[in-house]
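S.K.: Structure file structure28.pdb (PDB, C-alpha atoms and all ligand atoms) is given on the next line.
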```
ATOM      1  CA  MET R   6      -9.764  50.907  33.254
ATOM      2  CA  LYS R   7      -9.088  52.103  36.798
ATOM      3  CA  LYS R   8      -7.343  49.503  38.953
ATOM      4  CA  ILE R   9      -8.705  48.848  42.416
ATOM      5  CA  ILE R  10      -7.889  46.809  45.515
ATOM      6  CA  ILE R  11     -10.260  43.971  46.368
ATOM      7  CA  ALA R  12     -10.213  42.746  49.968
ATOM      8  CA  ILE R  13     -11.843  39.395  50.709
ATOM      9  CA  ASP R  14     -12.051  38.623  54.428
ATOM     10  CA  GLY R  15     -13.933  36.038  56.421
ATOM     11  CA  PHE R  16     -13.870  32.869  58.465
ATOM     12  CA  SER R  17     -11.391  30.065  57.760
ATOM     13  CA  SER R  18     -12.284  27.487  55.091
ATOM     14  CA  CYS R  19     -15.063  29.587  53.568
ATOM     15  CA  GLY R  20     -13.569  29.146  50.134
ATOM     16  CA  LYS R  21     -12.090  32.642  50.199
ATOM     17  CA  SER R  22      -8.941  31.563  48.384
ATOM     18  CA  THR R  23     -10.865  29.720  45.676
ATOM     19  CA  MET R  24     -13.112  32.712  45.091
ATOM     20  CA  ALA R  25     -10.277  35.240  45.241
ATOM     21  CA  LYS R  26      -8.141  33.211  42.826
ATOM     22  CA  SER R  27     -10.914  32.758  40.268
ATOM     23  CA  LEU R  28     -11.921  36.413  40.531
ATOM     24  CA  ALA R  29      -8.311  37.511  39.978
ATOM     25  CA  ARG R  30      -8.023  35.215  36.954
ATOM     26  CA  ASN R  31     -11.326  36.445  35.484
ATOM     27  CA  ILE R  32     -10.460  40.125  35.765
ATOM     28  CA  GLY R  33      -6.690  39.916  35.140
ATOM     29  CA  TYR R  34      -5.633  40.940  38.655
ATOM     30  CA  LEU R  35      -2.841  39.533  40.849
ATOM     31  CA  TYR R  36      -3.912  37.279  43.708
ATOM     32  CA  PHE R  37      -2.335  37.293  47.180
ATOM     33  CA  ASP R  38      -3.175  34.828  49.959
ATOM     34  CA  SER R  39      -2.359  36.580  53.249
ATOM     35  CA  GLY R  40      -3.241  33.451  55.273
ATOM     36  CA  ALA R  41      -0.445  31.641  53.424
ATOM     37  CA  MET R  42       1.958  34.246  54.821
ATOM     38  CA  TYR R  43       0.979  33.492  58.445
ATOM     39  CA  ARG R  44       1.158  29.791  57.611
ATOM     40  CA  ALA R  45       4.678  30.273  56.210
ATOM     41  CA  VAL R  46       5.801  32.059  59.400
ATOM     42  CA  SER R  47       4.310  29.159  61.398
ATOM     43  CA  LEU R  48       6.222  26.679  59.250
ATOM     44  CA  TYR R  49       9.380  28.684  59.857
ATOM     45  CA  CYS R  50       8.754  28.301  63.629
ATOM     46  CA  LEU R  51       8.345  24.529  63.254
ATOM     47  CA  GLN R  52      11.420  24.187  61.059
ATOM     48  CA  ASN R  53      13.577  26.213  63.429
ATOM     49  CA  GLY R  54      12.390  24.830  66.771
ATOM     50  CA  LEU R  55      10.713  28.103  67.750
ATOM     51  CA  ILE R  56       7.502  26.467  68.966
ATOM     52  CA  GLU R  57       7.007  23.785  71.623
ATOM     53  CA  ASN R  58       3.722  22.603  73.160
ATOM     54  CA  ASN R  59       1.901  25.460  71.403
ATOM     55  CA  GLU R  60       4.261  27.997  73.036
ATOM     56  CA  VAL R  61       6.129  30.278  70.634
ATOM     57  CA  ASN R  62       9.655  31.374  71.532
ATOM     58  CA  GLU R  63       8.676  34.999  70.996
ATOM     59  CA  GLU R  64      12.089  36.434  71.676
ATOM     60  CA  ALA R  65      13.745  34.275  69.007
ATOM     61  CA  LEU R  66      10.943  34.842  66.492
ATOM     62  CA  ARG R  67      11.060  38.602  67.058
ATOM     63  CA  LEU R  68      14.790  38.539  66.223
ATOM     64  CA  ALA R  69      14.164  36.460  63.098
ATOM     65  CA  ILE R  70      11.030  38.163  61.776
ATOM     66  CA  ASP R  71      12.757  40.710  59.524
ATOM     67  CA  ASP R  72      14.633  37.869  57.833
ATOM     68  CA  ILE R  73      11.434  36.001  56.980
ATOM     69  CA  CYS R  74      10.478  36.972  53.475
ATOM     70  CA  ILE R  75       7.325  35.641  51.911
ATOM     71  CA  SER R  76       6.597  35.921  48.237
ATOM     72  CA  PHE R  77       4.328  34.376  45.656
ATOM     73  CA  GLU R  78       4.895  33.135  42.141
ATOM     74  CA  ALA R  79       2.863  31.259  39.549
ATOM     75  CA  ASP R  80       3.434  27.522  39.147
ATOM     76  CA  PRO R  81       4.886  27.187  35.623
ATOM     77  CA  VAL R  82       2.585  24.223  34.863
ATOM     78  CA  THR R  83      -0.704  24.782  36.736
ATOM     79  CA  LYS R  84      -0.386  28.610  36.863
ATOM     80  CA  ASN R  85      -1.613  28.395  40.482
ATOM     81  CA  SER R  86      -0.069  30.718  43.036
ATOM     82  CA  ILE R  87       2.816  29.159  45.007
ATOM     83  CA  THR R  88       3.998  30.452  48.380
ATOM     84  CA  LEU R  89       7.749  30.893  48.828
ATOM     85  CA  LEU R  90       9.411  31.135  52.231
ATOM     86  CA  ASN R  91      12.766  32.836  51.747
ATOM     87  CA  GLY R  92      12.733  31.674  48.135
ATOM     88  CA  VAL R  93      11.755  28.041  48.837
ATOM     89  CA  ASN R  94       8.441  26.581  47.628
ATOM     90  CA  VAL R  95       6.478  25.641  50.793
ATOM     91  CA  GLU R  96       2.997  25.506  49.259
ATOM     92  CA  LYS R  97       2.338  21.900  50.342
ATOM     93  CA  GLU R  98       3.924  22.106  53.817
ATOM     94  CA  ILE R  99       1.967  25.196  54.873
ATOM     95  CA  ARG R 100      -1.361  23.358  54.313
ATOM     96  CA  SER R 101      -0.516  20.517  56.762
ATOM     97  CA  LEU R 102      -2.598  19.988  59.914
ATOM     98  CA  GLN R 103       0.582  20.569  61.935
ATOM     99  CA  VAL R 104       0.755  24.129  60.608
ATOM    100  CA  SER R 105      -3.043  24.601  60.860
ATOM    101  CA  ARG R 106      -2.869  23.722  64.566
ATOM    102  CA  ILE R 107      -0.447  26.522  65.437
ATOM    103  CA  VAL R 108      -1.113  29.234  62.866
ATOM    104  CA  SER R 109      -3.703  31.121  64.941
ATOM    105  CA  ILE R 110      -1.196  31.400  67.781
ATOM    106  CA  VAL R 111       1.530  32.744  65.489
ATOM    107  CA  ALA R 112      -0.905  35.084  63.683
ATOM    108  CA  ALA R 113      -1.968  36.604  67.019
ATOM    109  CA  LEU R 114       1.536  37.997  67.730
ATOM    110  CA  ASP R 115       1.616  41.750  67.164
ATOM    111  CA  PHE R 116       5.172  41.882  65.740
ATOM    112  CA  VAL R 117       4.361  39.076  63.283
ATOM    113  CA  ARG R 118       1.290  40.997  62.089
ATOM    114  CA  THR R 119       3.226  44.250  61.772
ATOM    115  CA  ALA R 120       5.844  42.552  59.582
ATOM    116  CA  MET R 121       3.271  40.756  57.402
ATOM    117  CA  ILE R 122       1.086  43.850  56.989
ATOM    118  CA  GLU R 123       4.105  45.775  55.727
ATOM    119  CA  GLN R 124       4.837  43.069  53.141
ATOM    120  CA  GLN R 125       1.122  42.972  52.167
ATOM    121  CA  ARG R 126       0.953  46.747  51.628
ATOM    122  CA  GLN R 127       3.991  46.500  49.345
ATOM    123  CA  MET R 128       2.125  43.903  47.287
ATOM    124  CA  GLY R 129      -0.792  46.317  46.834
ATOM    125  CA  LYS R 130       1.257  49.383  45.934
ATOM    126  CA  SER R 131       0.263  49.346  42.266
ATOM    127  CA  LYS R 132      -3.333  48.210  42.958
ATOM    128  CA  GLY R 133      -4.936  45.658  40.618
ATOM    129  CA  ILE R 134      -4.862  42.981  43.312
ATOM    130  CA  VAL R 135      -7.217  40.610  45.086
ATOM    131  CA  MET R 136      -6.039  39.749  48.614
ATOM    132  CA  ASP R 137      -7.830  37.428  50.981
ATOM    133  CA  GLY R 138      -7.466  37.089  54.739
ATOM    134  CA  ARG R 139      -8.997  38.255  58.012
ATOM    135  CA  ASP R 140      -8.041  41.915  58.342
ATOM    136  CA  ILE R 141      -7.451  43.034  54.766
ATOM    137  CA  GLY R 142     -10.485  45.351  54.633
ATOM    138  CA  THR R 143     -10.177  46.536  58.231
ATOM    139  CA  THR R 144      -6.417  46.979  58.736
ATOM    140  CA  VAL R 145      -4.217  46.241  55.716
ATOM    141  CA  PHE R 146      -6.215  48.179  53.105
ATOM    142  CA  PRO R 147      -8.921  50.146  54.949
ATOM    143  CA  ASP R 148      -9.409  52.202  51.752
ATOM    144  CA  ALA R 149      -9.889  49.192  49.461
ATOM    145  CA  GLU R 150     -12.531  50.032  46.859
ATOM    146  CA  LEU R 151     -14.259  46.645  47.164
ATOM    147  CA  LYS R 152     -14.526  44.672  50.398
ATOM    148  CA  ILE R 153     -16.275  41.346  50.787
ATOM    149  CA  PHE R 154     -16.828  39.497  54.049
ATOM    150  CA  VAL R 155     -17.452  35.766  53.567
ATOM    151  CA  THR R 156     -19.104  33.343  55.923
ATOM    152  CA  ALA R 157     -20.535  29.776  55.910
ATOM    153  CA  SER R 158     -21.547  27.310  58.643
ATOM    154  CA  ALA R 159     -18.716  25.566  60.575
ATOM    155  CA  GLN R 160     -19.925  22.152  59.323
ATOM    156  CA  VAL R 161     -19.886  23.199  55.669
ATOM    157  CA  ARG R 162     -16.404  24.647  56.129
ATOM    158  CA  ALA R 163     -15.016  21.539  57.869
ATOM    159  CA  GLN R 164     -16.417  19.349  55.092
ATOM    160  CA  ARG R 165     -14.731  21.525  52.449
ATOM    161  CA  ARG R 166     -11.352  21.302  54.186
ATOM    162  CA  TYR R 167     -11.806  17.537  54.631
ATOM    163  CA  ASP R 168     -12.577  17.119  50.906
ATOM    164  CA  GLU R 169      -9.527  19.226  50.012
ATOM    165  CA  ILE R 170      -7.153  17.040  52.074
ATOM    166  CA  ILE R 171      -8.654  13.791  50.754
ATOM    167  CA  ALA R 172      -8.439  15.086  47.170
ATOM    168  CA  ARG R 173      -4.713  15.650  47.735
ATOM    169  CA  GLY R 174      -4.407  11.970  48.682
ATOM    170  CA  ASP R 175      -3.762  12.642  52.398
ATOM    171  CA  LYS R 176      -5.614  11.199  55.411
ATOM    172  CA  ALA R 177      -8.149  13.338  57.287
ATOM    173  CA  ASN R 178     -10.527  13.107  60.241
ATOM    174  CA  TYR R 179     -13.707  15.184  59.889
ATOM    175  CA  GLU R 180     -14.330  15.631  63.655
ATOM    176  CA  GLU R 181     -10.745  16.771  64.209
ATOM    177  CA  ILE R 182     -11.046  19.279  61.371
ATOM    178  CA  LEU R 183     -14.394  20.597  62.679
ATOM    179  CA  GLU R 184     -12.834  21.118  66.092
ATOM    180  CA  ASN R 185      -9.893  22.932  64.468
ATOM    181  CA  VAL R 186     -12.275  25.185  62.476
ATOM    182  CA  ARG R 187     -14.185  26.122  65.674
ATOM    183  CA  GLN R 188     -11.012  26.767  67.642
ATOM    184  CA  ARG R 189      -9.588  28.973  64.924
ATOM    185  CA  ASP R 190     -12.846  30.945  64.652
ATOM    186  CA  HIS R 191     -12.671  31.609  68.362
ATOM    187  CA  ILE R 192      -9.002  32.669  68.365
ATOM    188  CA  ASP R 193      -9.393  34.749  65.183
ATOM    189  CA  GLN R 194     -12.412  36.638  66.582
ATOM    190  CA  THR R 195     -11.163  37.210  70.110
ATOM    191  CA  ARG R 196      -7.475  38.016  69.596
ATOM    192  CA  GLU R 197      -6.388  41.483  70.678
ATOM    193  CA  VAL R 198      -4.549  42.481  67.507
ATOM    194  CA  SER R 199      -6.617  42.811  64.317
ATOM    195  CA  PRO R 200      -9.464  40.480  65.345
ATOM    196  CA  LEU R 201     -11.592  39.026  62.563
ATOM    197  CA  ARG R 202     -14.586  41.286  62.020
ATOM    198  CA  GLN R 203     -16.603  42.636  59.132
ATOM    199  CA  ALA R 204     -15.524  46.110  58.015
ATOM    200  CA  HIS R 205     -18.447  48.567  58.190
ATOM    201  CA  ASP R 206     -18.296  49.017  54.407
ATOM    202  CA  ALA R 207     -17.820  45.336  53.489
ATOM    203  CA  ILE R 208     -20.482  43.380  51.608
ATOM    204  CA  LEU R 209     -21.562  40.189  53.406
ATOM    205  CA  LEU R 210     -21.573  36.928  51.446
ATOM    206  CA  ASP R 211     -22.883  33.690  53.025
ATOM    207  CA  ASN R 212     -21.894  31.018  50.517
ATOM    208  CA  SER R 213     -23.116  27.925  52.470
ATOM    209  CA  ASN R 214     -25.641  27.152  49.739
ATOM    210  CA  MET R 215     -24.031  28.743  46.695
ATOM    211  CA  THR R 216     -22.361  26.913  43.816
ATOM    212  CA  LEU R 217     -18.918  28.053  42.730
ATOM    213  CA  GLN R 218     -20.356  29.281  39.442
ATOM    214  CA  GLU R 219     -23.077  31.367  41.148
ATOM    215  CA  GLN R 220     -20.447  32.856  43.395
ATOM    216  CA  GLU R 221     -18.128  33.638  40.499
ATOM    217  CA  GLU R 222     -20.858  35.446  38.540
ATOM    218  CA  TRP R 223     -21.918  37.398  41.618
ATOM    219  CA  LEU R 224     -18.329  38.534  42.234
ATOM    220  CA  VAL R 225     -17.523  39.535  38.664
ATOM    221  CA  ASN R 226     -20.760  41.576  38.466
ATOM    222  CA  LEU R 227     -19.938  43.265  41.735
ATOM    223  CA  PHE R 228     -16.422  44.065  40.511
ATOM    224  CA  HIS R 229     -17.719  45.724  37.315
ATOM    225  CA  LYS R 230     -20.317  47.732  39.246
ATOM    226  CA  THR R 231     -17.665  48.900  41.716
ATOM    227  CA  VAL R 232     -15.209  49.973  39.025
ATOM    228  CA  ALA R 233     -17.954  51.804  37.132
ATOM    229  CA  ALA R 234     -18.850  53.717  40.292
ATOM    230  CA  CYS R 235     -15.222  54.644  41.140
TER
HETATM  231  O1  LIG S   1      -6.971  31.572  55.494
HETATM  232  P1  LIG S   1      -6.123  30.552  56.216
HETATM  233  O2  LIG S   1      -6.913  29.489  56.925
HETATM  234  O3  LIG S   1      -5.043  29.968  55.381
HETATM  235  O4  LIG S   1      -5.401  31.412  57.384
HETATM  236  C1  LIG S   1      -4.488  30.808  58.255
HETATM  237  C2  LIG S   1      -4.525  31.507  59.609
HETATM  238  O5  LIG S   1      -3.940  32.801  59.509
HETATM  239  C3  LIG S   1      -5.886  31.676  60.257
HETATM  240  O6  LIG S   1      -5.916  31.038  61.526
HETATM  241  C4  LIG S   1      -6.060  33.137  60.472
HETATM  242  C5  LIG S   1      -4.742  33.760  60.163
HETATM  243  N1  LIG S   1      -4.857  34.940  59.304
HETATM  244  C6  LIG S   1      -4.836  36.162  59.912
HETATM  245  O7  LIG S   1      -4.785  36.238  61.129
HETATM  246  N2  LIG S   1      -4.870  37.281  59.148
HETATM  247  C7  LIG S   1      -4.950  37.205  57.814
HETATM  248  N3  LIG S   1      -4.983  38.333  57.099
HETATM  249  C8  LIG S   1      -4.993  35.940  57.191
HETATM  250  C9  LIG S   1      -4.956  34.818  57.963
END
```
Re-express the file's structure as structure tokens.
Ligand code: DC

M.R.:
Amino acid sequence: MKKIIIAIDGFSSCGKSTMAKSLARNIGYLYFDSGAMYRAVSLYCLQNGLIENNEVNEEALRLAIDDICISFEADPVTKNSITLLNGVNVEKEIRSLQVSRIVSIVAALDFVRTAMIEQQRQMGKSKGIVMDGRDIGTTVFPDAELKIFVTASAQVRAQRRYDEIIARGDKANYEEILENVRQRDHIDQTREVSPLRQAHDAILLDNSNMTLQEQEEWLVNLFHKTVAAC
């Protein structure tokens, strides 16, 4: 069967990763979380003192960017995808609120995007991948055979992120998370480089009132239809 590239873009906390992961598992494709890559670069900034009061030391980060290598591997036990920053498992650290607070700033830097896009294109060289993010269908893989643009209300998205953090056993504040979701939407949509927008050939999915199972069936059907038409 012909292998394709599936690009899943949309607002933060829409459940893109959950849907992309389950789709990849169902159809035997590799899954790549491009947001995790920007989160890992943000973590690198925190770990190396390259960010202070929401100001990135651009000069230092520019010098370091080619030495920041992000890769993914499957957890030997859960089989979930793990993000590695220069070979070190940072999956938990990149999901912290500290990283969430600064990631939009780091992701808006043109040289960071250029470096990540290059790594992302390498990951898609052999096709057979599902990648989620903000600019996968518009910039990283403009020729992707299947593009989905996901949205849901800010309140639904904040609640999902809140539930995720609580389920991990960490503390969370719903209002703070809602504010963070709104801020990130604004930065993601208005940044100069690769702003978040729906590709003209992407299919819109509003999953505010959809169950995970409904969503999964919808996606797998769409995948089979797309491959049959290729
Ligand atoms: O999907 P996420 O919330 O983990 O993404 C983290 C941040 O990275 C988010 O603020 C937007 C940014 N991002 C991006 O600019 N481009 C991508 N392809 C993926 C994520």

S.K.: Could you please extract the residues within 7 Å of ligand LIG 1 (chain S), counting all atoms listed in the file, and hand them back as a list in words?

M.R.: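 My answer, listing the contacting residues, is Ser17, Ser18, Ser39, Gly40, Ala41, Tyr43, Arg44, Ser105, Val108, Ser109, Ala112, Ala113, Asp137, Gly138, Arg139, Asp140, Ile141, Arg189 and Asp193 of chain R.
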
S.K.: For a cut-off of 10 Å around (-11.6, 35.3, 43.5), file coordinates, pick out all residues using all atoms listed in the file and list them as a list in words.

M.R.: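 Using all atoms listed in the file, the matching residues come out as Ile11, Ala12, Ile13, Gly20, Lys21, Ser22, Thr23, Met24, Ala25, Lys26, Ser27, Leu28, Ala29, Arg30, Asn31, Ile32, Tyr34, Tyr36, Val135, Met136, Asp137, Gln220, Glu221, Leu224 and Val225 of chain R.
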
S.K.: How many Å lie between CA of Asp115 (chain R) and CA of Arg100 (chain R), rounded to one decimal?

M.R.: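 Value for the CA of Asp115 (chain R)-CA of Arg100 (chain R) distance: 22.6 Å.
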
S.K.: Can you work out which one of R:Ile9, R:Asn94, R:Ala159, R:Val111 has the shortest atom-to-atom distance to Cys235 (chain R), counting all atoms listed in the file?

M.R.: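 The closest residue to Cys235 (chain R) is R:Ile9.
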
S.K.: From the set R:Ser101, R:Ser213, R:Ser199, R:Asn178, which residue has the shortest atom-to-atom contact distance to Val117 (chain R), counting all atoms listed in the file?

M.R.: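 Closest candidate: R:Ser199.
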
S.K.: Choose the residue, out of R:Cys74, R:Leu183, R:Leu227, R:Ile107, that has the smallest atom-to-atom separation from Asn58 (chain R); count all atoms listed in the file.

M.R.: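 Residue with the minimum atom-to-atom distance to Asn58 (chain R): R:Ile107.
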
S.K.: What's the separation between CA of His205 (chain R) and CA of Ala149 (chain R), in Å to one decimal place?

M.R.: 12.2 Å

S.K.: Would you mind listing what lies within 7 Å of Ile99 (chain R) as a PyMOL selection string, with only C-alpha atoms counted and same-chain residues fewer than 5 positions away left out?

M.R.: chain R and resi 44-45+48+104

S.K.: Store the residues picked out above, limited to C-alpha atoms, as a tab-separated table (two decimals), in the frame of the given file.

M.R.:
```
chain	number	residue	atom	x	y	z
R	44	ARG	CA	1.16	29.79	57.61
R	45	ALA	CA	4.68	30.27	56.21
R	48	LEU	CA	6.22	26.68	59.25
R	104	VAL	CA	0.76	24.13	60.61
```

S.K.: Near Asp168 (chain R), counting only C-alpha atoms, which residues have an atom at most 12 Å away, once you skip same-chain residues fewer than 6 positions from it, shown as a VMD selection string?

M.R.: chain R and resid 18 161 to 162 174 to 179 182

S.K.: Excluding Asp72 (chain R) and any residue of its chain fewer than 2 positions from it, enumerate the residues within 12 Å of it, using only C-alpha atoms, and give them as a ChimeraX atom specification.

M.R.: /R:46,49,65-70,74-75,90-92,117,120-121

S.K.: If you measure from CA of Gly129 (chain R) to CA of Lys97 (chain R), what distance in Å do you get, rounded to one decimal?

M.R.: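 CA of Lys97 (chain R) lies 24.9 Å from CA of Gly129 (chain R).
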
S.K.: Between R:Leu51, R:Leu114, R:Ile134, R:Ala157, which is the closest to Pro200 (chain R) once you count all atoms listed in the file?

M.R.: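 Among the listed residues, R:Leu114 lies closest to Pro200 (chain R).
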
S.K.: So which one's closest to Asp38 (chain R), R:Ser86, R:Asn212, R:Gln218, R:Gln127? Using only C-alpha atoms, please.

M.R.: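 With only C-alpha atoms as the atom set, the closest residue is R:Ser86.
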
S.K.: Between R:Ile208, R:Leu201, R:Ile56, R:Met128, single out the one closest to Leu151 (chain R), counting only C-alpha atoms.

M.R.: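 Ranking R:Ile208, R:Leu201, R:Ile56, R:Met128 by distance to Leu151 (chain R), first place goes to R:Ile208.
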
S.K.: Can you list, as a VMD selection string, the residues that the PyMOL selection byres (((chain R and resi 155) around 7) and not hetatm) selects here?

M.R.: chain R and resid 14 to 16 19 153 to 154 156 209 to 211

S.K.: Would you give the centre and edge lengths, in Å to one decimal, of a box along x, y and z around the listed atoms of region 16-35 of chain R, with 8 Å added to each side, as lines of an AutoDock Vina configuration file?

M.R.:
```
center_x = -9.0
center_y = 34.2
center_z = 46.8
size_x = 28.2
size_y = 29.5
size_z = 39.3
```

S.K.: Do you know which residues lie at most 7 Å from (1.7, 31.3, 47.4), with coordinates as in the file and all atoms listed in the file counted, and could you write them as a compact mmCIF listing (two decimals) with C-alpha atoms, in the frame of the given file?

M.R.:
```txt
# COMPACT_ATOMS: atom_id res chain seq x y z
CA ASP R 38 -3.18 34.83 49.96
CA ALA R 41 -0.44 31.64 53.42
CA SER R 76 6.60 35.92 48.24
CA PHE R 77 4.33 34.38 45.66
CA GLU R 78 4.89 33.14 42.14
CA SER R 86 -0.07 30.72 43.04
CA ILE R 87 2.82 29.16 45.01
CA THR R 88 4.00 30.45 48.38
CA LEU R 89 7.75 30.89 48.83
CA GLU R 96 3.00 25.51 49.26
```

S.K.: Since fewer atoms than expected are present, regenerate all heavy atoms for region 118-126 of chain R and write them as a short mmCIF file (atom, residue, chain, number, x, y, z; two decimals), keeping the file's coordinate frame.

M.R.:
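Result file result34.cif:
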```cif
data_model
loop_
_atom_site.label_atom_id
_atom_site.label_comp_id
_atom_site.auth_asym_id
_atom_site.auth_seq_id
_atom_site.Cartn_x
_atom_site.Cartn_y
_atom_site.Cartn_z
N ARG R 118 2.29 40.29 62.91
CA ARG R 118 1.29 41.00 62.09
C ARG R 118 1.89 42.27 61.48
O ARG R 118 1.68 42.57 60.31
CB ARG R 118 0.03 41.35 62.90
CG ARG R 118 -0.67 40.13 63.48
CD ARG R 118 -2.12 40.40 63.76
NE ARG R 118 -2.89 40.45 62.53
CZ ARG R 118 -3.37 39.38 61.89
NH1 ARG R 118 -3.20 38.18 62.38
NH2 ARG R 118 -4.05 39.51 60.78
N THR R 119 2.63 43.01 62.29
CA THR R 119 3.23 44.25 61.77
C THR R 119 4.10 43.95 60.56
O THR R 119 4.02 44.63 59.53
CB THR R 119 4.07 44.92 62.88
OG1 THR R 119 3.22 45.12 64.00
CG2 THR R 119 4.65 46.25 62.44
N ALA R 120 4.93 42.89 60.68
CA ALA R 120 5.84 42.55 59.58
C ALA R 120 5.06 42.08 58.34
O ALA R 120 5.39 42.47 57.21
CB ALA R 120 6.81 41.46 60.03
N MET R 121 4.03 41.28 58.55
CA MET R 121 3.27 40.76 57.40
C MET R 121 2.47 41.88 56.73
O MET R 121 2.38 41.96 55.51
CB MET R 121 2.32 39.63 57.84
CG MET R 121 3.03 38.36 58.26
SD MET R 121 4.18 37.74 57.00
CE MET R 121 5.76 38.07 57.77
N ILE R 122 1.89 42.75 57.54
CA ILE R 122 1.09 43.85 56.99
C ILE R 122 1.96 44.74 56.10
O ILE R 122 1.53 45.18 55.03
CB ILE R 122 0.39 44.64 58.12
CG1 ILE R 122 -0.73 43.77 58.74
CG2 ILE R 122 -0.17 45.97 57.62
CD1 ILE R 122 -1.33 44.32 60.01
N GLU R 123 3.20 44.95 56.53
CA GLU R 123 4.11 45.78 55.73
C GLU R 123 4.35 45.10 54.37
O GLU R 123 4.29 45.74 53.32
CB GLU R 123 5.42 45.93 56.49
CG GLU R 123 6.21 47.13 56.03
CD GLU R 123 7.51 47.22 56.80
OE1 GLU R 123 7.47 47.21 58.04
OE2 GLU R 123 8.56 47.27 56.12
N GLN R 124 4.60 43.80 54.41
CA GLN R 124 4.84 43.07 53.14
C GLN R 124 3.57 43.08 52.27
O GLN R 124 3.63 43.23 51.06
CB GLN R 124 5.28 41.63 53.42
CG GLN R 124 6.64 41.54 54.12
CD GLN R 124 7.22 40.11 54.19
OE1 GLN R 124 6.90 39.25 53.40
NE2 GLN R 124 8.08 39.88 55.17
N GLN R 125 2.40 42.98 52.92
CA GLN R 125 1.12 42.97 52.17
C GLN R 125 0.87 44.33 51.50
O GLN R 125 0.44 44.40 50.35
CB GLN R 125 -0.03 42.61 53.11
CG GLN R 125 -0.02 41.14 53.52
CD GLN R 125 -0.68 40.87 54.85
OE1 GLN R 125 -1.28 41.74 55.46
NE2 GLN R 125 -0.55 39.63 55.32
N ARG R 126 1.18 45.41 52.22
CA ARG R 126 0.95 46.75 51.63
C ARG R 126 1.86 46.96 50.42
O ARG R 126 1.47 47.59 49.44
CB ARG R 126 1.16 47.83 52.68
CG ARG R 126 0.04 47.81 53.70
CD ARG R 126 0.03 49.04 54.59
NE ARG R 126 -1.13 48.98 55.47
CZ ARG R 126 -1.14 49.35 56.74
NH1 ARG R 126 -0.05 49.83 57.30
NH2 ARG R 126 -2.24 49.27 57.46
#
```
